[in-house]
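Novice: To start, I am sharing the structure in question, which I have written as structure tokens.
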Amino acid sequence: MKTFRIGGVHPHENKISAGQKIQNAPLPNQAIVLLAQHLGAPATPIVEKGTEVKVGQLIATASGFISANVHSPVSGKVAKIDTIVDGWGMKTPAVFIDVEGDEWMENIDRSSDIKPVCKLEPADIVKKIGEAGIVGLGGACFPTHVKLSPPPGKKAEVLIINAVECEPYLTCDHQLMMEHGEEIMIGIGIIMKAIGVNKTIVGIENNKPDAIAHMKALASKVMGVEVTPLKLKYPQGGEKQLIDACIGRQVPSGALPIEVGAVVQNVATVYAIYEAVQKNKPLIERVVTVTGKAVQTPGNFRVRFGTPLSTLLDMAGGIPENTGKIIAGGPMMGRAMSNINMPANKRISGLLMLPSEESIRQEPQNCIRCAKCIGACPMGLEPYLLAKQAELGLWDEMEQHHIMDCIECGCCLFTCPSRRPLLDYVRMGKNKVGGIIRARNMKK
Amino acid sequence: MNLIVVSLITLGITGCLAAIILYVAAQKFKVFEDPRIEQVEVLLPGANCGGCGFAGCRNFAESCVKAESMEGLLCPVGGQPTMEKVAEVLGRTAAAADPMVAVVRCNGTCTNRPKTSQFNGTKNCQIVSNLYGGETGCSFGCIGFGDCATACKFDALHINPESGLPEVDEEKCTACGACVKACPKQIIELRKKGPKSRRIFVSCVNKDKGGVARKACSAACIGCGKCAKECPFEAITVENNVAYIDFTKCRLCRKCVAVCPTGAIHEVNFPARAPQVEKEATTPNNVAKTTEETTNN
Amino acid sequence: MNNLIVSPAPHAHSGDTVRRNMLNVIIALVPAYLVSLFYFGLGAFIVSATAIVACVVFEFLIQRFLLKQNNSIGDFSAILTGLLLGFNLPSNLPIWIVVIGALVAIGVGKMSFGGLGNNLFNPALVGRVFLLISFPAPMTTWPRPIAWNSSYLDAETAATPLSLIKENGAEALPAMWEMFIGNMGGSLGEVSAIALLIGGIFLICTRTITWHIPVSILTTVAAFTGILYACDVINVTPLFHLCAGGMMLGAIFMATDYVTSPMSASGQIIYGIGIGIITVVIRVFGAYPEGMSFAILIMNAVTPLLNTYLRPKRFGENKK
């Protein structure tokens with residue numbers, strides 16, 4: 001069975017919420033819609049206090065090339081445009097909307113009929129995706145329309161669908177495939193048309209045999225779509241790792257996947273593209289996994305952006321007694337939150353509640369130079385060395401040792417027997433070196 | 001006898017050969033260096049702290065020798081006396097500079113600023129500030145893991161275990177600026193040391209609106225602007241909900257300290273306040289005199 | 001609700017610890033230890049137990065009174081050093097020499113560099129080589145292996161196969177099979193190739209070590225001695241060299257010491273090849289009958305250089 005060639009680890013899967021039907025979360029009384037739900041510059045609001053909005057109405061436009069539109073996920077009246085403190089204690093701009101009823105924009109098709117035919121031209125498809133504010137729902141939130149517009153001179157050869165869901169605990173993509181497989185297949189067809197390729201590989205890890213069988217059955221009816229089971233290994237969902245696993249090509253250091261002719265899209269993004277192109281529905285909701293070993297009813301919930309996260313936590317039976325850490329995302333790359341007064345948004349794919357005994361790190365010991373971090377690093381870097389260099393502030397040396405290739409997957413820290421905080425330092429060094437490189441490029 | 005002669009001759013020949021090789025190599029690879037660089041370097045403190053903005057004392061010395069004038073060249077550690085000596089060697093005049101000192105602008109002690117989360121990871125300010133806003137409700141304030149103390153080459157900065165904030169040892173601080181660069185929150189500032197080390201500064205950088213800032217920290221600057229109105233020298237500006245005292249304009253009259261509702265403005269090294277100190281003083285010298293008088297009384 | 005805990009990702013850990021890795025190596029040494037107890041009996045027990053106890057005590061004393069740091073006995077690395085030191089000594093060695101060896105191993109080999117993780121040389125080998133140079137006579141008289149032996153200092157002595165070929169050529173060598181199971185003279189832990197191989201397979205299966213170092217050492221030795229055998233420089237087969245002396249113990253347990261071996265796979269292979277070549281050169285052309293420990297120490301010194309020049313293969317380095 002295929003997998004990527006360098007490094008990788010095997011964390012416990014803990015897919016507790018697997019097989020749980022997607023439930024709709026209730027509408028909030030007040031929706032707080034973040035303006036920075038994507039990578040890049042925050043969107044510019046085009047509504048003001050008192051504006052009446054409908055579900056799906058554009059409320060903020062992309063400001064810059066790498067940015068994305070934001071639509072109202074609810075109907076009602078704009079209460080104010082202000083900043084809120086997000087889950088990480090930082091201020092971020094948001095539009096507050098008092099919810100009244102649930103009135104949708106007229107052009108959105110809310111029926112459950114499946115529309116298989118798309119007659120749009122490739123350029124129109126990309127434009128429509130951009131207008132719908134779609135971003136990569138795998139976690140990075142990179143605006144999708146940018147990714148679907150390859151730079152001049154580059155030609156995509158193959159579309160790779162990331163249905164790996166290699167993060168432990170998370171099951172939202174898995175459940176989405178089981179419930180909306182047909183829509184996803186149509187979405188794949190739309191993307192293939194948009195970027196002009198005739199081959200698609202759907203990569204699914206072999207811990208989801210039901211999804212593999214389901215998608216294989218559906219793919220057999222579609223020309224050029226192939227479902228590839230992948231051997232369970234983290235971080236297979238990393239873009240570069242997935243390309244290596246599916247087509248055996250390695251993206252060179254510092255280059256984009258298009259360099260090897262690949263375009264990667266997350267399966268949830270594909271579903272959002274289907275809805276946007278075929279049903280005119282912008283990205284206003286997503287499926288979120290709420291899980292944890294002590295959680296009463298872990299599950300997968302479809303939630304409108306702007307709904308407080310506490311609503312989701314309540315739907316899963318509330319926060320368990322001894323919860324020490326609440327993580328937005330999975331345990332390997334998710335961010336621990338310092339408070340939960342934050343609304344759902346495009347970025348959050350899961351909420352994981354860890355009991356306090358699993359939340360505390362053990363004291364680090366001396367590095368015993370066992371080289372397990374090197375063995376685990378999927379990018380072939382030397383985490384032990386980079387961490388030491390970051391500690392000492394040797395930024396130039398870090399750059400020489402390819403620090404910017406680090407994908408921050410956490411394999412090094414996961415595997416270190418001495419419990420050294422390798423990734424803490426590596427990430428800090430990557431930030432520093434990234435800043436130095438940007439400053440240098442500015443000067444040129 | 002023979003043995004001694006032979007060994008003497010062989011050793012002598014080897015020695016001569018080595019000397020010739022060394023001489024040739026020394027001539028061939030000789031690098032001309034301005035002798036003044038050496039002279040200047042001797043005068044410098046040799047701490048290689050980088051406070052001057054150059055990579056170490058040697059580099060600074062080279063820059064001094066190459067530079068047209070002494071403008072902008074200052075060794076913060078050696079201060080004015082050192083720069084005068086350097087200028088003498090180079091036959092120029094040193095630029096005038098006031099002595100400076102590092103000032104920590106945060107009031108967020110454990111009592112003023114309650115914790116709202118608990119950080120469990122590498123105790124490094126840079127890492128925390130990349131990750132999130134910090135353990136308290138104030139995302140602008142001191143993180144307290146001591147990146148500044150680690151950066152200080154002169155043992156002048158230490159985290160006070162009781163307040164959790166760094167404290168500057170004025171005697172040891174050379175104003176090299178290493179801590180300013182190390183602090184990810186830009187809390188530490190180099191300010192004029194002031195006559196008799198007396199200075200006044202706003203000990204807060206919180207840009208939140210008053211209510212929010214106050215909720216997070218009871219000693220935060222809430223940007224009310226009372227100090228700015230009170231200041232007779234227009235030294236205080238309020239921008240982004242936080243007041244800032246321009247130390248070039250401040251005449252140390254201490255009026256602002258009295259009106260601050262949260263106690264965010266600090267005065268350092270002033271004698272205890274007697275009831276009639278608030279006479280208007282026009283120059284720092286006058287202030288010094290007045291205070292001396294009061295102490296004498 | 002209590003304050004939430006915040007830490008940087010990842011929030012999961014494999015559960016691996018230094019102690020578990022050390023324990024795995026100790027477990028892997030058990031078969032070889034049983035064989036040595038069978039052949040060398042009481043002497044093997046006394047020497048190895050002394051080495052372990054002395055190493056642990058010295059580590060504790062040095063950390064407590066000299067370095068004034070928290071003790072790290074709990075990571076089992078001192079126990080492992082003691083066990084490996086014991087494995088490298090003849091089973092009829094007087095206790096006081098063993099204690100000196102432990103002091104050098106821990107005091108000079110490990111603690112003077114700053115403890116576990118910072119030492120340049122394998123501590124057990126530092127101890128052994130110190131003893132070999134300081135006490136050449138007791139370090140090179142090995143007891144004859146006798147099943148269920150109960151003698152210690154007064155044991156009947158025998159030469160190792162390697163010293164036999166140094167002195168008399170290929171006469172009076174034990175049979176190949178005897179050597180494979182460990183019925184030959186030698187240091188107490190090095191005699192049984194089969195038991196050490198079982199331990200090595202255990203280590204590789206538990207991912208405690210990777211295959212690179214042992215395989216490259218053994219392959220190099222086999223290839224090099226094979227060439228020499230084919231050219232009639234030596235008159236024993238490569239198989240003899242693989243089973244004789246400390247080859248298996250060194251290749252599987254001593255050279256793979258985490259701290260002193262290179263980090264990258266390519267570095268580990270070069271390191272293994274280096275050890276193989278130096279060992280054979282010392283064995284065949286040198287004055288000492290055995291060269292494994294010297295070879296490992298020499299390559300330990302080269303390790304930092306290998307770490308600098310041989311980097312792991314980066315992702316995307318060679319396009320396919």
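Starting from 1 in every chain, residues are counted up; chains themselves are A, B, ... following the order of the structure tokens, and ligands are numbered from 1 as listed.
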Near chain C, which residues of chain B fall within 7 Å when you count only C-alpha atoms, and what do they look like as an NGL selection string?
Specialist: :B and (116-121 or 131)
Novice: List as a PyMOL selection string the protein and nucleic acid residues near C:Ala78, meaning an atom at most 7 Å away when only C-alpha atoms are counted, but skip any in the same chain fewer than 5 places from it.
Specialist: chain C and resi 55-56+59+73
Novice: Would you mind exporting all heavy atoms of the selected residues as a compact mmCIF listing (two decimals), in the first residue's frame?
Specialist:
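Written file, result06.txt:
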# COMPACT_ATOMS: atom_id res chain seq x y z
N CYS C 55 28.96 1.49 38.88
CA CYS C 55 28.58 2.58 37.97
C CYS C 55 27.46 3.42 38.56
O CYS C 55 27.50 4.65 38.53
CB CYS C 55 28.13 2.01 36.61
SG CYS C 55 29.52 1.59 35.56
N VAL C 56 26.44 2.75 39.10
CA VAL C 56 25.31 3.49 39.65
C VAL C 56 25.76 4.33 40.84
O VAL C 56 25.42 5.51 40.96
CB VAL C 56 24.18 2.52 40.05
CG1 VAL C 56 23.09 3.26 40.80
CG2 VAL C 56 23.63 1.83 38.82
N GLU C 59 27.86 7.28 39.69
CA GLU C 59 27.03 8.32 39.07
C GLU C 59 26.29 9.12 40.15
O GLU C 59 26.24 10.35 40.12
CB GLU C 59 26.04 7.70 38.09
CG GLU C 59 25.06 8.73 37.54
CD GLU C 59 24.55 8.42 36.15
OE1 GLU C 59 25.38 8.09 35.30
OE2 GLU C 59 23.34 8.51 35.93
N ILE C 73 19.70 8.57 37.97
CA ILE C 73 19.79 7.11 38.03
C ILE C 73 18.55 6.49 37.38
O ILE C 73 18.61 5.45 36.75
CB ILE C 73 19.86 6.64 39.51
CG1 ILE C 73 20.98 7.36 40.25
CG2 ILE C 73 20.04 5.14 39.61
CD1 ILE C 73 22.34 7.04 39.79
Novice: If you run DSSP on the backbone here, which positions in stretch 12-215 of chain C get strand (DSSP E or B)? Please write them as a PyMOL selection string.
Specialist: chain C and resi 142-143+157-158
Novice: Could you turn the residues from that selection into a file that holds C-alpha atoms, as a PDB file, in the first residue's frame?
Specialist:
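This went into part-v5.pdb:
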ATOM      1  CA  TRP C 142      40.260 -15.367  30.077  1.00  0.00           C
ATOM      2  CA  PRO C 143      38.748 -18.301  31.958  1.00  0.00           C
ATOM      3  CA  THR C 157      42.351 -19.930  31.904  1.00  0.00           C
ATOM      4  CA  ALA C 158      42.156 -20.185  28.133  1.00  0.00           C
TER       5      ALA C 158
END
Novice: Once you count only C-alpha atoms, which residues of chain A turn out to be within 7 Å of chain C? Could you give them as an NGL selection string?
Specialist: :A and (11 or 249-253 or 324-325 or 331-338 or 359 or 366-371 or 379-381 or 410 or 414-418 or 424)
Novice: When you look at A:Leu386 with a cut-off of 8 Å (counting only C-alpha atoms), what residues show up, excluding the ones that are within fewer than 5 positions of it in the same chain? I need them as a list in words.
Specialist: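 Once the nearby chain positions are removed, what remains is Met398, His401, Ile403, Tyr425, Val426 and Gly429 of chain A.
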Novice: Using only C-alpha atoms, find the one residue out of B:Asn130, B:Gln39, B:Thr14, B:Ser69 that sits nearest to chain A.
Specialist: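 Of B:Asn130, B:Gln39, B:Thr14, B:Ser69, the one nearest chain A, counting only C-alpha atoms, is B:Asn130.
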Novice: Any idea what the distance is between atom CA of C:Thr140 and atom CA of C:Tyr288?
Specialist: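 We find that atom CA of C:Thr140 and atom CA of C:Tyr288 lie 10.3 Å from each other.
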Novice: Running DSSP on the backbone, which parts of stretch 254-312 of chain C land in helix (DSSP H, G or I), as JSON, numbers by chain?
Specialist: {"C": [254, 265, 266, 267, 268, 269, 270, 271, 272, 273, 274, 275, 276, 277, 278, 279, 280, 281, 282, 283, 284, 285, 292, 293, 294, 295, 296, 297, 298, 299, 300, 301, 302, 303, 304, 305, 306, 307, 308, 309]}
Novice: Looking at only C-alpha atoms, which of B:Thr10, B:Ser139, B:Asn2, B:Thr262 is the one that sits closest to chain A?
Specialist: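 Using only C-alpha atoms, chain A sits closest to B:Ser139.
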Novice: Restrict the calculation to only C-alpha atoms, then for each residue of chain A with any atom at most 8 Å from an atom of chain B give the closest atom pair and their distance in Å to one decimal, rows by chain and rising residue number, as a tab-separated table.
Specialist:
residue	atom	partner	partner_atom	distance
A:Trp88	CA	B:Tyr132	CA	4.8
A:Gly89	CA	B:Gly133	CA	4.5
A:Met90	CA	B:Gly133	CA	5.5
A:Ser338	CA	B:Ser117	CA	5.6
A:Asn339	CA	B:Ser117	CA	7.8
A:Ile360	CA	B:Asn120	CA	6.5
A:Arg361	CA	B:Asn120	CA	6.8
A:Pro421	CA	B:Thr122	CA	6.5
A:Asp424	CA	B:Ile127	CA	6.5
A:Tyr425	CA	B:Ile127	CA	7.2
A:Arg427	CA	B:Ile127	CA	7.9
A:Met428	CA	B:Ile127	CA	5.7
Novice: Go ahead and save the residues from that selection, with N, CA, C and O atoms, as a PDB file, in the first residue's frame.
Specialist:
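And here is the file that came out, again02.pdb:
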ATOM      1  N   TRP A  88      -7.250  32.765  21.473  1.00  0.00           N
ATOM      2  CA  TRP A  88      -5.845  32.835  21.828  1.00  0.00           C
ATOM      3  C   TRP A  88      -5.491  34.185  22.451  1.00  0.00           C
ATOM      4  O   TRP A  88      -4.341  34.606  22.424  1.00  0.00           O
ATOM      5  N   GLY A  89      -6.519  34.874  22.936  1.00  0.00           N
ATOM      6  CA  GLY A  89      -6.276  36.123  23.640  1.00  0.00           C
ATOM      7  C   GLY A  89      -5.896  37.283  22.744  1.00  0.00           C
ATOM      8  O   GLY A  89      -5.452  38.308  23.238  1.00  0.00           O
ATOM      9  N   MET A  90      -6.030  37.127  21.438  1.00  0.00           N
ATOM     10  CA  MET A  90      -5.648  38.212  20.538  1.00  0.00           C
ATOM     11  C   MET A  90      -6.905  38.889  19.999  1.00  0.00           C
ATOM     12  O   MET A  90      -7.939  38.254  19.839  1.00  0.00           O
ATOM     13  N   SER A 338      -7.060  29.492  25.056  1.00  0.00           N
ATOM     14  CA  SER A 338      -7.009  30.001  26.422  1.00  0.00           C
ATOM     15  C   SER A 338      -8.398  30.397  26.896  1.00  0.00           C
ATOM     16  O   SER A 338      -8.624  30.550  28.076  1.00  0.00           O
ATOM     17  N   ASN A 339      -9.330  30.591  25.984  1.00  0.00           N
ATOM     18  CA  ASN A 339     -10.722  30.794  26.377  1.00  0.00           C
ATOM     19  C   ASN A 339     -11.603  30.330  25.223  1.00  0.00           C
ATOM     20  O   ASN A 339     -11.139  30.174  24.104  1.00  0.00           O
ATOM     21  N   ILE A 360      -0.621  18.005  30.458  1.00  0.00           N
ATOM     22  CA  ILE A 360       0.643  18.512  30.988  1.00  0.00           C
ATOM     23  C   ILE A 360       1.794  17.769  30.335  1.00  0.00           C
ATOM     24  O   ILE A 360       1.783  16.544  30.250  1.00  0.00           O
ATOM     25  N   ARG A 361       2.789  18.527  29.914  1.00  0.00           N
ATOM     26  CA  ARG A 361       3.976  17.893  29.356  1.00  0.00           C
ATOM     27  C   ARG A 361       4.895  17.419  30.473  1.00  0.00           C
ATOM     28  O   ARG A 361       4.908  18.006  31.546  1.00  0.00           O
ATOM     29  N   PRO A 421      11.288  19.967  24.073  1.00  0.00           N
ATOM     30  CA  PRO A 421      10.310  20.779  23.330  1.00  0.00           C
ATOM     31  C   PRO A 421      10.876  21.186  21.968  1.00  0.00           C
ATOM     32  O   PRO A 421      11.039  22.370  21.684  1.00  0.00           O
ATOM     33  N   ASP A 424       8.745  23.549  19.711  1.00  0.00           N
ATOM     34  CA  ASP A 424       8.597  24.901  20.265  1.00  0.00           C
ATOM     35  C   ASP A 424       9.697  25.792  19.716  1.00  0.00           C
ATOM     36  O   ASP A 424       9.448  26.892  19.220  1.00  0.00           O
ATOM     37  N   TYR A 425      10.932  25.283  19.834  1.00  0.00           N
ATOM     38  CA  TYR A 425      12.064  26.095  19.392  1.00  0.00           C
ATOM     39  C   TYR A 425      12.131  26.172  17.874  1.00  0.00           C
ATOM     40  O   TYR A 425      12.436  27.222  17.310  1.00  0.00           O
ATOM     41  N   ARG A 427       9.721  26.071  15.758  1.00  0.00           N
ATOM     42  CA  ARG A 427       8.680  26.973  15.255  1.00  0.00           C
ATOM     43  C   ARG A 427       9.091  28.427  15.477  1.00  0.00           C
ATOM     44  O   ARG A 427       8.936  29.279  14.610  1.00  0.00           O
ATOM     45  N   MET A 428       9.663  28.682  16.677  1.00  0.00           N
ATOM     46  CA  MET A 428      10.122  30.038  16.956  1.00  0.00           C
ATOM     47  C   MET A 428      11.202  30.446  15.949  1.00  0.00           C
ATOM     48  O   MET A 428      11.166  31.541  15.382  1.00  0.00           O
TER      49      MET A 428
END
Novice: B:Asn112: which residues within 9 Å, counting only C-alpha atoms, same-chain residues fewer than 5 positions away excluded, as a PyMOL selection string?
Specialist: chain B and resi 107+216-220
